[in-house]
$ cat target-v2.cif   # mmCIF, C-alpha atoms; chains and numbers go by the auth columns
data_upload
loop_
_atom_site.group_PDB
_atom_site.id
_atom_site.type_symbol
_atom_site.label_atom_id
_atom_site.label_comp_id
_atom_site.label_asym_id
_atom_site.label_seq_id
_atom_site.Cartn_x
_atom_site.Cartn_y
_atom_site.Cartn_z
_atom_site.B_iso_or_equiv
_atom_site.auth_seq_id
_atom_site.auth_asym_id
ATOM 1 C CA ALA A 1 72.268 90.419 129.907 0.00 1 J
ATOM 2 C CA THR A 2 71.290 87.025 131.366 0.00 2 J
ATOM 3 C CA ALA A 3 69.152 86.472 128.253 0.00 3 J
ATOM 4 C CA VAL A 4 72.318 85.965 126.183 0.00 4 J
ATOM 5 C CA VAL A 5 73.453 82.902 128.164 0.00 5 J
ATOM 6 C CA PRO A 6 71.346 80.287 126.292 0.00 6 J
ATOM 7 C CA ILE A 7 72.182 82.027 123.005 0.00 7 J
ATOM 8 C CA TYR A 8 75.960 81.819 123.396 0.00 8 J
ATOM 9 C CA MET A 9 75.685 78.308 124.810 0.00 9 J
ATOM 10 C CA GLN A 10 73.949 77.275 121.571 0.00 10 J
ATOM 11 C CA ILE A 11 76.498 79.129 119.430 0.00 11 J
ATOM 12 C CA TRP A 12 79.306 77.390 121.302 0.00 12 J
ATOM 13 C CA THR A 13 77.739 73.979 120.666 0.00 13 J
ATOM 14 C CA GLU A 14 76.899 74.555 117.019 0.00 14 J
ATOM 15 C CA LYS A 15 79.610 76.902 115.731 0.00 15 J
ATOM 16 C CA GLY A 16 82.523 76.716 118.155 0.00 16 J
ATOM 17 C CA ALA A 17 84.801 79.107 120.013 0.00 17 J
ATOM 18 C CA TYR A 18 85.461 81.803 117.402 0.00 18 J
ATOM 19 C CA ALA A 19 81.783 82.412 116.613 0.00 19 J
ATOM 20 C CA THR A 20 81.084 82.575 120.341 0.00 20 J
ATOM 21 C CA GLN A 21 83.851 85.144 120.860 0.00 21 J
ATOM 22 C CA VAL A 22 82.463 87.315 118.063 0.00 22 J
ATOM 23 C CA PHE A 23 78.964 87.095 119.519 0.00 23 J
ATOM 24 C CA LEU A 24 80.145 87.955 123.049 0.00 24 J
ATOM 25 C CA ARG A 25 81.990 91.043 121.830 0.00 25 J
ATOM 26 C CA LYS A 26 78.903 92.260 119.953 0.00 26 J
ATOM 27 C CA ALA A 27 76.640 91.457 122.917 0.00 27 J
ATOM 28 C CA LEU A 28 78.869 93.401 125.301 0.00 28 J
ATOM 29 C CA LYS A 29 78.971 96.379 122.934 0.00 29 J
ATOM 30 C CA SER A 30 75.178 96.386 122.699 0.00 30 J
ATOM 31 C CA TYR A 31 74.848 96.112 126.472 0.00 31 J
ATOM 32 C CA LEU A 32 77.254 99.010 127.100 0.00 32 J
ATOM 33 C CA LEU A 33 75.586 101.104 124.387 0.00 33 J
ATOM 34 C CA LEU A 34 72.382 101.133 126.447 0.00 34 J
ATOM 35 C CA ALA A 35 73.607 100.577 130.014 0.00 35 J
ATOM 36 C CA ILE A 36 76.113 103.447 130.184 0.00 36 J
ATOM 37 C CA PRO A 37 73.690 106.232 129.131 0.00 37 J
ATOM 38 C CA LEU A 38 71.001 104.695 131.333 0.00 38 J
ATOM 39 C CA VAL A 39 73.255 105.083 134.371 0.00 39 J
ATOM 40 C CA PHE A 40 74.276 108.663 133.491 0.00 40 J
ATOM 41 C CA GLY A 41 70.698 109.580 132.597 0.00 41 J
ATOM 42 C CA CYS A 42 69.185 108.212 135.799 0.00 42 J
ATOM 43 C CA ILE A 43 71.829 110.033 137.842 0.00 43 J
ATOM 44 C CA ALA A 44 71.028 113.299 136.061 0.00 44 J
ATOM 45 C CA LEU A 45 67.259 112.799 136.427 0.00 45 J
ATOM 46 C CA ARG A 46 67.228 111.224 139.888 0.00 46 J
ATOM 47 C CA GLU A 47 65.495 114.115 141.655 0.00 47 J
ATOM 48 C CA ASP A 48 62.797 114.505 139.006 0.00 48 J
ATOM 49 C CA LEU A 49 62.317 110.728 138.942 0.00 49 J
ATOM 50 C CA LEU A 50 61.809 110.612 142.701 0.00 50 J
ATOM 51 C CA ASN A 51 59.478 113.621 142.580 0.00 51 J
ATOM 52 C CA VAL A 52 57.314 111.962 139.922 0.00 52 J
ATOM 53 C CA LEU A 53 57.440 108.351 141.110 0.00 53 J
ATOM 54 C CA ALA A 54 57.524 108.969 144.870 0.00 54 J
ATOM 55 C CA SER A 55 57.591 112.327 146.653 0.00 55 J
ATOM 56 C CA GLN A 56 59.987 114.966 147.970 0.00 56 J
ATOM 57 C CA LYS A 57 60.292 113.005 151.218 0.00 57 J
ATOM 58 C CA PHE A 58 62.528 110.531 149.393 0.00 58 J
ATOM 59 C CA LEU A 59 64.876 113.107 147.801 0.00 59 J
ATOM 60 C CA GLU A 60 67.575 112.464 150.395 0.00 60 J
ATOM 61 C CA GLY A 61 67.752 108.897 149.139 0.00 61 J
ATOM 62 C CA SER A 62 68.814 110.150 145.699 0.00 62 J
ATOM 63 C CA ALA A 63 72.391 110.276 146.986 0.00 63 J
ATOM 64 C CA VAL A 64 72.680 106.486 146.707 0.00 64 J
ATOM 65 C CA ILE A 65 71.357 106.268 143.135 0.00 65 J
ATOM 66 C CA PRO A 66 74.715 106.812 141.333 0.00 66 J
ATOM 67 C CA TRP A 67 76.456 104.107 143.364 0.00 67 J
ATOM 68 C CA ALA A 68 73.560 101.661 143.144 0.00 68 J
ATOM 69 C CA LEU A 69 73.119 102.077 139.374 0.00 69 J
ATOM 70 C CA ALA A 70 76.834 101.712 138.657 0.00 70 J
ATOM 71 C CA GLY A 71 76.855 98.492 140.668 0.00 71 J
ATOM 72 C CA MET A 72 73.808 97.156 138.839 0.00 72 J
ATOM 73 C CA MET A 73 75.418 97.939 135.471 0.00 73 J
ATOM 74 C CA LEU A 74 78.558 96.007 136.424 0.00 74 J
ATOM 75 C CA ASN A 75 76.553 93.068 137.726 0.00 75 J
ATOM 76 C CA GLY A 76 74.449 93.043 134.572 0.00 76 J
ATOM 77 C CA ALA A 77 77.569 92.500 132.451 0.00 77 J
ATOM 78 C CA LEU A 78 78.621 89.450 134.485 0.00 78 J
ATOM 79 C CA PRO A 79 76.892 86.774 132.308 0.00 79 J
ATOM 80 C CA ILE A 80 78.825 88.084 129.294 0.00 80 J
ATOM 81 C CA LEU A 81 82.205 88.700 130.937 0.00 81 J
ATOM 82 C CA ALA A 82 82.120 85.342 132.755 0.00 82 J
ATOM 83 C CA ALA A 83 80.908 83.396 129.713 0.00 83 J
ATOM 84 C CA GLY A 84 83.889 81.049 129.836 0.00 84 J
ATOM 85 C CA MET A 85 82.881 79.752 133.257 0.00 85 J
ATOM 86 C CA TYR A 86 79.231 79.408 132.247 0.00 86 J
ATOM 87 C CA ILE A 87 80.122 77.463 129.090 0.00 87 J
ATOM 88 C CA HIS A 88 82.580 75.139 130.817 0.00 88 J
ATOM 89 C CA LYS A 89 80.225 74.765 133.807 0.00 89 J
ATOM 90 C CA LYS A 90 82.762 75.973 136.363 0.00 90 J
ATOM 91 C CA THR A 91 80.040 76.974 138.801 0.00 91 J
ATOM 92 C CA GLY A 92 82.185 76.017 141.802 0.00 92 J
ATOM 93 C CA LYS A 93 84.775 78.627 140.885 0.00 93 J
ATOM 94 C CA LEU A 94 82.055 81.220 140.283 0.00 94 J
ATOM 95 C CA VAL A 95 80.485 80.462 143.672 0.00 95 J
ATOM 96 C CA GLY A 96 83.907 80.855 145.303 0.00 96 J
ATOM 97 C CA ILE A 97 84.384 84.274 143.693 0.00 97 J
ATOM 98 C CA LEU A 98 80.853 85.251 144.748 0.00 98 J
ATOM 99 C CA ALA A 99 81.598 84.187 148.343 0.00 99 J
ATOM 100 C CA LEU A 100 84.766 86.302 148.330 0.00 100 J
ATOM 101 C CA ALA A 101 82.846 89.328 147.027 0.00 101 J
ATOM 102 C CA ILE A 102 80.156 88.859 149.703 0.00 102 J
ATOM 103 C CA ALA A 103 82.819 88.630 152.431 0.00 103 J
ATOM 104 C CA ALA A 104 84.398 91.838 151.095 0.00 104 J
ATOM 105 C CA ASN A 105 80.974 93.505 151.074 0.00 105 J
ATOM 106 C CA ILE A 106 80.380 92.610 154.737 0.00 106 J
ATOM 107 C CA ALA A 107 83.828 93.820 155.747 0.00 107 J
ATOM 108 C CA ILE A 108 83.458 97.133 153.899 0.00 108 J
ATOM 109 C CA ASN A 109 79.945 97.634 155.310 0.00 109 J
ATOM 110 C CA LEU A 110 81.271 97.337 158.863 0.00 110 J
ATOM 111 C CA TRP A 111 83.485 100.344 158.181 0.00 111 J
ATOM 112 C CA ALA A 112 81.470 102.344 155.622 0.00 112 J
ATOM 113 C CA ILE A 113 77.966 102.342 157.145 0.00 113 J
ATOM 114 C CA PRO A 114 78.964 103.931 160.493 0.00 114 J
ATOM 115 C CA VAL A 115 80.863 106.627 158.567 0.00 115 J
ATOM 116 C CA TRP A 116 78.573 107.336 155.583 0.00 116 J
ATOM 117 C CA GLY A 117 75.278 105.671 156.501 0.00 117 J
ATOM 118 C CA ILE A 118 73.111 104.491 153.608 0.00 118 J
ATOM 119 C CA ARG A 119 75.568 105.943 151.097 0.00 119 J
ATOM 120 C CA GLY A 120 78.269 103.779 152.645 0.00 120 J
ATOM 121 C CA ALA A 121 76.144 100.683 152.006 0.00 121 J
ATOM 122 C CA ALA A 122 75.685 101.691 148.358 0.00 122 J
ATOM 123 C CA VAL A 123 79.421 102.319 147.910 0.00 123 J
ATOM 124 C CA SER A 124 80.147 98.967 149.539 0.00 124 J
ATOM 125 C CA LYS A 125 77.809 97.189 147.128 0.00 125 J
ATOM 126 C CA LEU A 126 79.481 98.874 144.147 0.00 126 J
ATOM 127 C CA LEU A 127 82.910 97.731 145.367 0.00 127 J
ATOM 128 C CA CYS A 128 81.506 94.234 145.903 0.00 128 J
ATOM 129 C CA PHE A 129 80.193 94.074 142.330 0.00 129 J
ATOM 130 C CA THR A 130 83.507 95.444 141.034 0.00 130 J
ATOM 131 C CA ILE A 131 85.434 92.689 142.810 0.00 131 J
ATOM 132 C CA LEU A 132 82.967 90.044 141.613 0.00 132 J
ATOM 133 C CA VAL A 133 83.008 91.085 137.963 0.00 133 J
ATOM 134 C CA ALA A 134 86.764 91.731 137.804 0.00 134 J
ATOM 135 C CA LEU A 135 87.686 88.357 139.303 0.00 135 J
ATOM 136 C CA ALA A 136 85.072 86.446 137.298 0.00 136 J
ATOM 137 C CA ALA A 137 86.107 88.113 134.026 0.00 137 J
ATOM 138 C CA HIS A 138 89.801 87.474 134.696 0.00 138 J
ATOM 139 C CA SER A 139 89.179 83.831 135.567 0.00 139 J
ATOM 140 C CA SER A 140 86.861 83.357 132.584 0.00 140 J
ATOM 141 C CA THR A 141 89.484 84.509 130.058 0.00 141 J
ATOM 142 C CA ARG A 142 91.447 81.310 130.751 0.00 142 J
ATOM 143 C CA ASP A 143 88.545 79.290 129.365 0.00 143 J
ATOM 144 C CA LEU A 144 87.242 81.643 126.669 0.00 144 J
ATOM 145 C CA ASP A 145 88.928 84.917 125.848 0.00 145 J
ATOM 146 C CA PHE A 146 87.359 87.655 123.737 0.00 146 J
ATOM 147 C CA ARG A 147 88.309 91.239 123.022 0.00 147 J
ATOM 148 C CA ILE A 148 86.520 93.693 125.286 0.00 148 J
ATOM 149 C CA PRO A 149 85.446 96.740 123.233 0.00 149 J
ATOM 150 C CA TRP A 150 87.293 99.325 125.343 0.00 150 J
ATOM 151 C CA LYS A 151 87.288 101.947 122.570 0.00 151 J
ATOM 152 C CA SER A 152 83.522 101.725 122.141 0.00 152 J
ATOM 153 C CA ALA A 153 83.035 101.810 125.920 0.00 153 J
ATOM 154 C CA LEU A 154 85.095 105.026 126.040 0.00 154 J
ATOM 155 C CA HIS A 155 82.999 106.535 123.228 0.00 155 J
ATOM 156 C CA TYR A 156 79.756 105.632 125.004 0.00 156 J
ATOM 157 C CA THR A 157 81.022 107.039 128.311 0.00 157 J
ATOM 158 C CA ALA A 158 82.129 110.321 126.697 0.00 158 J
ATOM 159 C CA ALA A 159 78.778 110.655 124.902 0.00 159 J
ATOM 160 C CA ALA A 160 76.896 109.905 128.125 0.00 160 J
ATOM 161 C CA ALA A 161 78.992 112.480 130.022 0.00 161 J
ATOM 162 C CA LEU A 162 78.125 115.141 127.432 0.00 162 J
ATOM 163 C CA MET A 163 74.486 114.096 127.665 0.00 163 J
ATOM 164 C CA TYR A 164 74.691 114.519 131.439 0.00 164 J
ATOM 165 C CA ALA A 165 76.154 118.027 130.991 0.00 165 J
ATOM 166 C CA VAL A 166 73.288 119.018 128.687 0.00 166 J
ATOM 167 C CA LEU A 167 70.662 117.612 131.063 0.00 167 J
ATOM 168 C CA SER A 168 72.153 119.565 133.978 0.00 168 J
ATOM 169 C CA LEU A 169 71.384 122.793 132.086 0.00 169 J
ATOM 170 C CA ILE A 170 67.659 122.066 131.744 0.00 170 J
ATOM 171 C CA GLU A 171 65.564 123.696 134.447 0.00 171 J
ATOM 172 C CA ILE A 172 61.774 123.343 134.312 0.00 172 J
ATOM 173 C CA ALA A 173 59.617 123.879 137.399 0.00 173 J
ATOM 174 C CA ASN A 174 57.131 121.108 136.636 0.00 174 J
ATOM 175 C CA PRO A 175 58.841 117.767 137.483 0.00 175 J
ATOM 176 C CA LEU A 176 56.771 115.705 135.024 0.00 176 J
ATOM 177 C CA LEU A 177 57.339 118.098 132.124 0.00 177 J
ATOM 178 C CA SER A 178 61.006 118.422 133.083 0.00 178 J
ATOM 179 C CA LEU A 179 61.391 114.651 133.082 0.00 179 J
ATOM 180 C CA ALA A 180 59.774 114.274 129.661 0.00 180 J
ATOM 181 C CA VAL A 181 61.900 117.018 128.090 0.00 181 J
ATOM 182 C CA GLU A 182 65.102 115.693 129.670 0.00 182 J
ATOM 183 C CA ILE A 183 64.493 112.119 128.484 0.00 183 J
ATOM 184 C CA ILE A 184 63.894 113.245 124.886 0.00 184 J
ATOM 185 C CA ALA A 185 66.817 115.689 124.913 0.00 185 J
ATOM 186 C CA GLY A 186 69.161 113.207 126.576 0.00 186 J
ATOM 187 C CA ALA A 187 68.376 110.427 124.110 0.00 187 J
ATOM 188 C CA ALA A 188 68.775 112.799 121.151 0.00 188 J
ATOM 189 C CA VAL A 189 72.148 114.125 122.359 0.00 189 J
ATOM 190 C CA TYR A 190 73.559 110.728 123.246 0.00 190 J
ATOM 191 C CA PHE A 191 72.584 108.874 120.078 0.00 191 J
ATOM 192 C CA ALA A 192 73.604 111.820 117.869 0.00 192 J
ATOM 193 C CA ILE A 193 77.125 111.706 119.329 0.00 193 J
ATOM 194 C CA VAL A 194 77.335 107.922 119.131 0.00 194 J
ATOM 195 C CA TRP A 195 76.133 108.063 115.525 0.00 195 J
ATOM 196 C CA PHE A 196 79.153 110.187 114.578 0.00 196 J
ATOM 197 C CA VAL A 197 81.845 108.362 116.574 0.00 197 J
ATOM 198 C CA GLU A 198 80.762 104.717 116.239 0.00 198 J
ATOM 199 C CA PRO A 199 80.659 103.298 112.683 0.00 199 J
ATOM 200 C CA SER A 200 79.172 100.005 113.925 0.00 200 J
ATOM 201 C CA VAL A 201 76.164 101.853 115.356 0.00 201 J
ATOM 202 C CA ARG A 202 75.591 103.619 112.039 0.00 202 J
ATOM 203 C CA GLU A 203 75.735 100.276 110.249 0.00 203 J
ATOM 204 C CA GLN A 204 73.209 98.736 112.649 0.00 204 J
ATOM 205 C CA ILE A 205 70.810 101.655 112.260 0.00 205 J
ATOM 206 C CA HIS A 206 71.134 101.567 108.453 0.00 206 J
ATOM 207 C CA ALA A 207 70.414 97.825 108.507 0.00 207 J
ATOM 208 C CA VAL A 208 67.291 98.339 110.634 0.00 208 J
ATOM 209 C CA LEU A 209 66.058 101.180 108.395 0.00 209 J
ATOM 210 C CA LYS A 210 66.652 99.045 105.300 0.00 210 J
ATOM 211 C CA LYS A 211 64.532 96.232 106.764 0.00 211 J
ATOM 212 C CA ILE A 212 61.765 98.705 107.594 0.00 212 J
ATOM 213 C CA LYS A 213 61.782 100.038 104.010 0.00 213 J
ATOM 214 C CA LEU A 214 61.612 96.521 102.595 0.00 214 J
ATOM 215 C CA ARG A 215 58.443 95.895 104.559 0.00 215 J
#
$ encode --input "target-v2.cif" --output "structure tokens"
Amino acid sequence: ATAVVPIYMQIWTEKGAYATQVFLRKALKSYLLLAIPLVFGCIALREDLLNVLASQKFLEGSAVIPWALAGMMLNGALPILAAGMYIHKKTGKLVGILALAIAANIAINLWAIPVWGIRGAAVSKLLCFTILVALAAHSSTRDLDFRIPWKSALHYTAAAALMYAVLSLIEIANPLLSLAVEIIAGAAVYFAIVWFVEPSVREQIHAVLKKIKLR
């Protein structure tokens, strides 16, 4: 999502606040469209992924994958949600929020790691990212507010949850073959559901297909 920063900075300079708000909403929708199923999919496939990319020795580490991925997804949305501070160059405020989140992470680690071990560290990082993104987004709305697409986010989450349920039913002994089948099946299930519930996605796909036909 960091790639959108120079784009919305240019839109802000050339077209103003409203055009920037429209762009940020669309950018966040696009990010969530891909990030949410990626998190659910990686959680569902974590054992096969570790078997293929590493070995069975690392399977115990799969317990931290859900927490780590959720944290990464939240952190990835930060450049969009905190756009107001980026545009108005309020880096001091952003650094202050980051320092608070780091302090919270250290404090939670002191309690969570002795109790839960490596999983405690992953949970702590997720909470740290949650604090960071929530505070930055709240502060940023004072400088540049835009409507967060909650309805679309709910649709994507529901579709990803159904995808996860389907993937949990697939059992193939060969990890590589299992991974390939699950990726294809997961993508097909997720995008089929999104196609039906999200008109904007249908419009985007139709636009892309129309461009391909014109070529």
$ atom_distance --input "target-v2.cif" --atom1 "CA of Thr13 (chain J)" --atom2 "CA of Lys90 (chain J)"
16.6 Å
$ closest_residue --input "target-v2.cif" --among "J:Val189, J:Ile102, J:Cys128, J:Ala44" --to "Ala159 (chain J)" --atoms "all atoms listed in the file"
J:Val189
$ atom_distance --input "target-v2.cif" --atom1 "CA of Thr2 (chain J)" --atom2 "CA of Pro79 (chain J)"
5.7 Å
$ closest_residue --input "target-v2.cif" --among "J:Ser200, J:Ser62, J:Asn174, J:Ser168" --to "Lys29 (chain J)" --atoms "only C-alpha atoms"
J:Ser200
$ closest_residue --input "target-v2.cif" --among "J:Glu14, J:Asp143, J:Glu198, J:Asp48" --to "Ala180 (chain J)" --atoms "all atoms listed in the file"
J:Asp48
$ closest_residue --input "target-v2.cif" --among "J:Ile170, J:Ala136, J:Val22, J:Leu177" --to "Ala101 (chain J)" --atoms "all atoms listed in the file"
J:Ala136
$ build_atoms --input "target-v2.cif" --residues "region 82-96 of chain J" --atoms "N, CA, C and O atoms" --output "PDB file, in the frame of the given file"
ATOM      1  N   ALA J  82      81.770  86.644 132.155  1.00  0.00           N
ATOM      2  CA  ALA J  82      82.120  85.342 132.755  1.00  0.00           C
ATOM      3  C   ALA J  82      81.623  84.186 131.901  1.00  0.00           C
ATOM      4  O   ALA J  82      81.408  83.079 132.398  1.00  0.00           O
ATOM      5  N   ALA J  83      81.469  84.424 130.608  1.00  0.00           N
ATOM      6  CA  ALA J  83      80.908  83.396 129.713  1.00  0.00           C
ATOM      7  C   ALA J  83      81.721  82.114 129.725  1.00  0.00           C
ATOM      8  O   ALA J  83      81.170  81.015 129.622  1.00  0.00           O
ATOM      9  N   GLY J  84      83.038  82.234 129.830  1.00  0.00           N
ATOM     10  CA  GLY J  84      83.889  81.049 129.836  1.00  0.00           C
ATOM     11  C   GLY J  84      83.530  80.075 130.947  1.00  0.00           C
ATOM     12  O   GLY J  84      83.485  78.855 130.734  1.00  0.00           O
ATOM     13  N   MET J  85      83.242  80.613 132.132  1.00  0.00           N
ATOM     14  CA  MET J  85      82.881  79.752 133.257  1.00  0.00           C
ATOM     15  C   MET J  85      81.487  79.159 133.086  1.00  0.00           C
ATOM     16  O   MET J  85      81.233  78.029 133.484  1.00  0.00           O
ATOM     17  N   TYR J  86      80.574  79.931 132.508  1.00  0.00           N
ATOM     18  CA  TYR J  86      79.231  79.408 132.247  1.00  0.00           C
ATOM     19  C   TYR J  86      79.290  78.263 131.232  1.00  0.00           C
ATOM     20  O   TYR J  86      78.654  77.219 131.424  1.00  0.00           O
ATOM     21  N   ILE J  87      80.049  78.462 130.156  1.00  0.00           N
ATOM     22  CA  ILE J  87      80.122  77.463 129.090  1.00  0.00           C
ATOM     23  C   ILE J  87      80.767  76.175 129.584  1.00  0.00           C
ATOM     24  O   ILE J  87      80.287  75.072 129.287  1.00  0.00           O
ATOM     25  N   HIS J  88      81.851  76.322 130.337  1.00  0.00           N
ATOM     26  CA  HIS J  88      82.580  75.139 130.817  1.00  0.00           C
ATOM     27  C   HIS J  88      82.065  74.643 132.172  1.00  0.00           C
ATOM     28  O   HIS J  88      82.694  73.796 132.802  1.00  0.00           O
ATOM     29  N   LYS J  89      80.917  75.218 132.594  1.00  0.00           N
ATOM     30  CA  LYS J  89      80.225  74.765 133.807  1.00  0.00           C
ATOM     31  C   LYS J  89      81.126  74.766 135.051  1.00  0.00           C
ATOM     32  O   LYS J  89      81.096  73.841 135.861  1.00  0.00           O
ATOM     33  N   LYS J  90      81.897  75.838 135.187  1.00  0.00           N
ATOM     34  CA  LYS J  90      82.762  75.973 136.363  1.00  0.00           C
ATOM     35  C   LYS J  90      82.028  76.776 137.437  1.00  0.00           C
ATOM     36  O   LYS J  90      82.483  77.836 137.886  1.00  0.00           O
ATOM     37  N   THR J  91      80.870  76.263 137.833  1.00  0.00           N
ATOM     38  CA  THR J  91      80.040  76.974 138.801  1.00  0.00           C
ATOM     39  C   THR J  91      80.697  77.035 140.181  1.00  0.00           C
ATOM     40  O   THR J  91      80.478  77.986 140.928  1.00  0.00           O
ATOM     41  N   GLY J  92      81.504  76.012 140.509  1.00  0.00           N
ATOM     42  CA  GLY J  92      82.185  76.017 141.802  1.00  0.00           C
ATOM     43  C   GLY J  92      83.121  77.197 141.934  1.00  0.00           C
ATOM     44  O   GLY J  92      83.168  77.859 142.982  1.00  0.00           O
ATOM     45  N   LYS J  93      83.861  77.485 140.871  1.00  0.00           N
ATOM     46  CA  LYS J  93      84.775  78.627 140.885  1.00  0.00           C
ATOM     47  C   LYS J  93      83.995  79.939 140.982  1.00  0.00           C
ATOM     48  O   LYS J  93      84.383  80.855 141.711  1.00  0.00           O
ATOM     49  N   LEU J  94      82.877  80.005 140.254  1.00  0.00           N
ATOM     50  CA  LEU J  94      82.055  81.220 140.283  1.00  0.00           C
ATOM     51  C   LEU J  94      81.460  81.435 141.674  1.00  0.00           C
ATOM     52  O   LEU J  94      81.414  82.571 142.169  1.00  0.00           O
ATOM     53  N   VAL J  95      81.025  80.365 142.313  1.00  0.00           N
ATOM     54  CA  VAL J  95      80.485  80.462 143.672  1.00  0.00           C
ATOM     55  C   VAL J  95      81.570  80.923 144.641  1.00  0.00           C
ATOM     56  O   VAL J  95      81.320  81.734 145.550  1.00  0.00           O
ATOM     57  N   GLY J  96      82.797  80.433 144.459  1.00  0.00           N
ATOM     58  CA  GLY J  96      83.907  80.855 145.303  1.00  0.00           C
ATOM     59  C   GLY J  96      84.189  82.344 145.165  1.00  0.00           C
ATOM     60  O   GLY J  96      84.417  83.038 146.170  1.00  0.00           O
TER      61      GLY J  96
END
